[in-house]
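Inspection log for the structure reproduced underneath, given as structure tokens.
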Amino acid sequence: MYQNVQEALCLSDPLRPIHSYEVIRAKVEHLTGITQIQTDMCINSCIAYTGPFESLDACPKCATSRYEHPLTTSEQRQGNAAEGEESHSNSRGIV
Ligand SMILES: [Zn+2]
């Protein structure tokens, strides 16, 4: 939404200095002390993988895998982590 407002303001006055979304978000975080926390969520929005669900690999309500491409062993997961891949995330949400 911020980007839409930013684009509209740029069209009406291209010389108007407008901060990027990231700059505004950082300023709001600094002023309010409220920061964004990202955590994995069930792709069906049943739960967030935090608290008692933090270590689960599948949703306890709909049984959907936490990961886009489920891994069968912890060795494979560690191998992917070592390669720096982030393909294990199903979806991210704000808690
Ligand atoms: Zn679910």
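Note on naming: chains are A, B, ... as they come in the structure tokens, residues start from 1 per chain, ligands start from 1 in the order shown.
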
Select from chain A every residue with an atom at most 7 Å from any atom of ligand 1, then for each give the shortest pair of atoms and their distance in Å to one decimal, using only C-alpha atoms and all ligand atoms, rows by chain and rising number, as JSON lines.
```
{"residue": "A:Cys42", "atom": "CA", "partner": "ligand 1", "partner_atom_place_in_ligand_line": "1 (Zn)", "distance": 4.8}
{"residue": "A:Ile43", "atom": "CA", "partner": "ligand 1", "partner_atom_place_in_ligand_line": "1 (Zn)", "distance": 6.5}
{"residue": "A:Asn44", "atom": "CA", "partner": "ligand 1", "partner_atom_place_in_ligand_line": "1 (Zn)", "distance": 5.0}
{"residue": "A:Ser45", "atom": "CA", "partner": "ligand 1", "partner_atom_place_in_ligand_line": "1 (Zn)", "distance": 6.0}
{"residue": "A:Cys46", "atom": "CA", "partner": "ligand 1", "partner_atom_place_in_ligand_line": "1 (Zn)", "distance": 4.2}
{"residue": "A:Ile47", "atom": "CA", "partner": "ligand 1", "partner_atom_place_in_ligand_line": "1 (Zn)", "distance": 6.2}
{"residue": "A:Cys59", "atom": "CA", "partner": "ligand 1", "partner_atom_place_in_ligand_line": "1 (Zn)", "distance": 4.6}
{"residue": "A:Pro60", "atom": "CA", "partner": "ligand 1", "partner_atom_place_in_ligand_line": "1 (Zn)", "distance": 6.7}
{"residue": "A:Lys61", "atom": "CA", "partner": "ligand 1", "partner_atom_place_in_ligand_line": "1 (Zn)", "distance": 5.2}
{"residue": "A:Cys62", "atom": "CA", "partner": "ligand 1", "partner_atom_place_in_ligand_line": "1 (Zn)", "distance": 4.2}
{"residue": "A:Ala63", "atom": "CA", "partner": "ligand 1", "partner_atom_place_in_ligand_line": "1 (Zn)", "distance": 6.1}
{"residue": "A:Thr64", "atom": "CA", "partner": "ligand 1", "partner_atom_place_in_ligand_line": "1 (Zn)", "distance": 5.7}
```

Export of the given selection (N, CA and C atoms) as a PDB file, in the first residue's frame:
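Saved to selection03.pdb:
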```pdb
ATOM      1  N   CYS A  42       1.751 -21.981   8.917  1.00  0.00           N
ATOM      2  CA  CYS A  42       1.121 -22.996   8.072  1.00  0.00           C
ATOM      3  C   CYS A  42       0.615 -22.282   6.819  1.00  0.00           C
ATOM      4  N   ILE A  43       0.780 -22.925   5.671  1.00  0.00           N
ATOM      5  CA  ILE A  43       0.361 -22.297   4.417  1.00  0.00           C
ATOM      6  C   ILE A  43      -1.157 -22.073   4.398  1.00  0.00           C
ATOM      7  N   ASN A  44      -1.882 -22.809   5.239  1.00  0.00           N
ATOM      8  CA  ASN A  44      -3.333 -22.631   5.342  1.00  0.00           C
ATOM      9  C   ASN A  44      -3.709 -21.686   6.492  1.00  0.00           C
ATOM     10  N   SER A  45      -2.712 -21.028   7.066  1.00  0.00           N
ATOM     11  CA  SER A  45      -2.909 -20.041   8.138  1.00  0.00           C
ATOM     12  C   SER A  45      -3.491 -20.638   9.421  1.00  0.00           C
ATOM     13  N   CYS A  46      -3.294 -21.931   9.650  1.00  0.00           N
ATOM     14  CA  CYS A  46      -3.811 -22.562  10.871  1.00  0.00           C
ATOM     15  C   CYS A  46      -3.031 -22.080  12.102  1.00  0.00           C
ATOM     16  N   ILE A  47      -1.717 -22.140  12.018  1.00  0.00           N
ATOM     17  CA  ILE A  47      -0.864 -21.826  13.168  1.00  0.00           C
ATOM     18  C   ILE A  47       0.395 -21.095  12.711  1.00  0.00           C
ATOM     19  N   CYS A  59       1.884 -29.062  10.247  1.00  0.00           N
ATOM     20  CA  CYS A  59       0.813 -28.395  10.987  1.00  0.00           C
ATOM     21  C   CYS A  59       0.017 -29.427  11.793  1.00  0.00           C
ATOM     22  N   PRO A  60      -0.203 -29.194  13.092  1.00  0.00           N
ATOM     23  CA  PRO A  60      -0.960 -30.151  13.900  1.00  0.00           C
ATOM     24  C   PRO A  60      -2.469 -30.138  13.583  1.00  0.00           C
ATOM     25  N   LYS A  61      -2.946 -29.153  12.869  1.00  0.00           N
ATOM     26  CA  LYS A  61      -4.385 -29.070  12.552  1.00  0.00           C
ATOM     27  C   LYS A  61      -4.707 -29.654  11.180  1.00  0.00           C
ATOM     28  N   CYS A  62      -3.900 -29.317  10.153  1.00  0.00           N
ATOM     29  CA  CYS A  62      -4.230 -29.783   8.796  1.00  0.00           C
ATOM     30  C   CYS A  62      -3.179 -30.735   8.233  1.00  0.00           C
ATOM     31  N   ALA A  63      -2.110 -30.977   8.979  1.00  0.00           N
ATOM     32  CA  ALA A  63      -1.058 -31.937   8.616  1.00  0.00           C
ATOM     33  C   ALA A  63      -0.227 -31.509   7.411  1.00  0.00           C
ATOM     34  N   THR A  64      -0.390 -30.304   6.934  1.00  0.00           N
ATOM     35  CA  THR A  64       0.429 -29.818   5.827  1.00  0.00           C
ATOM     36  C   THR A  64       1.857 -29.609   6.309  1.00  0.00           C
TER      37      THR A  64
END
```

Select, from A:Thr50, A:Cys10, A:Tyr2, A:Leu56, the residue with the minimum atom-to-atom distance to A:Gln38, counting only C-alpha atoms.
->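 The closest residue to A:Gln38 is A:Thr50.
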
Just give me the gap between atom CA of A:Tyr67 and atom CA of A:Gln36 in Å, one decimal is fine.
->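 If I compute the distance from atom CA of A:Tyr67 to atom CA of A:Gln36, I get 21.9 Å.
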
Pick the closest to A:Asp57 from A:Asp13, A:Asp40, A:Glu7, A:Glu22: which is it, counting only C-alpha atoms?
->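 For A:Asp57, the nearest of the given residues is A:Asp40.
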
Hey, what does DSSP flag as alpha helix (DSSP H) within stretch 2-84 of chain A? Can you give it to me as a PyMOL selection string?
-> chain A and resi 2-12+21-32+74-82

Tell me, in Å to one decimal, how far atom CA of A:Tyr49 is from atom CA of A:Thr32.
->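 Between atom CA of A:Tyr49 and atom CA of A:Thr32 the gap works out to 25.9 Å.
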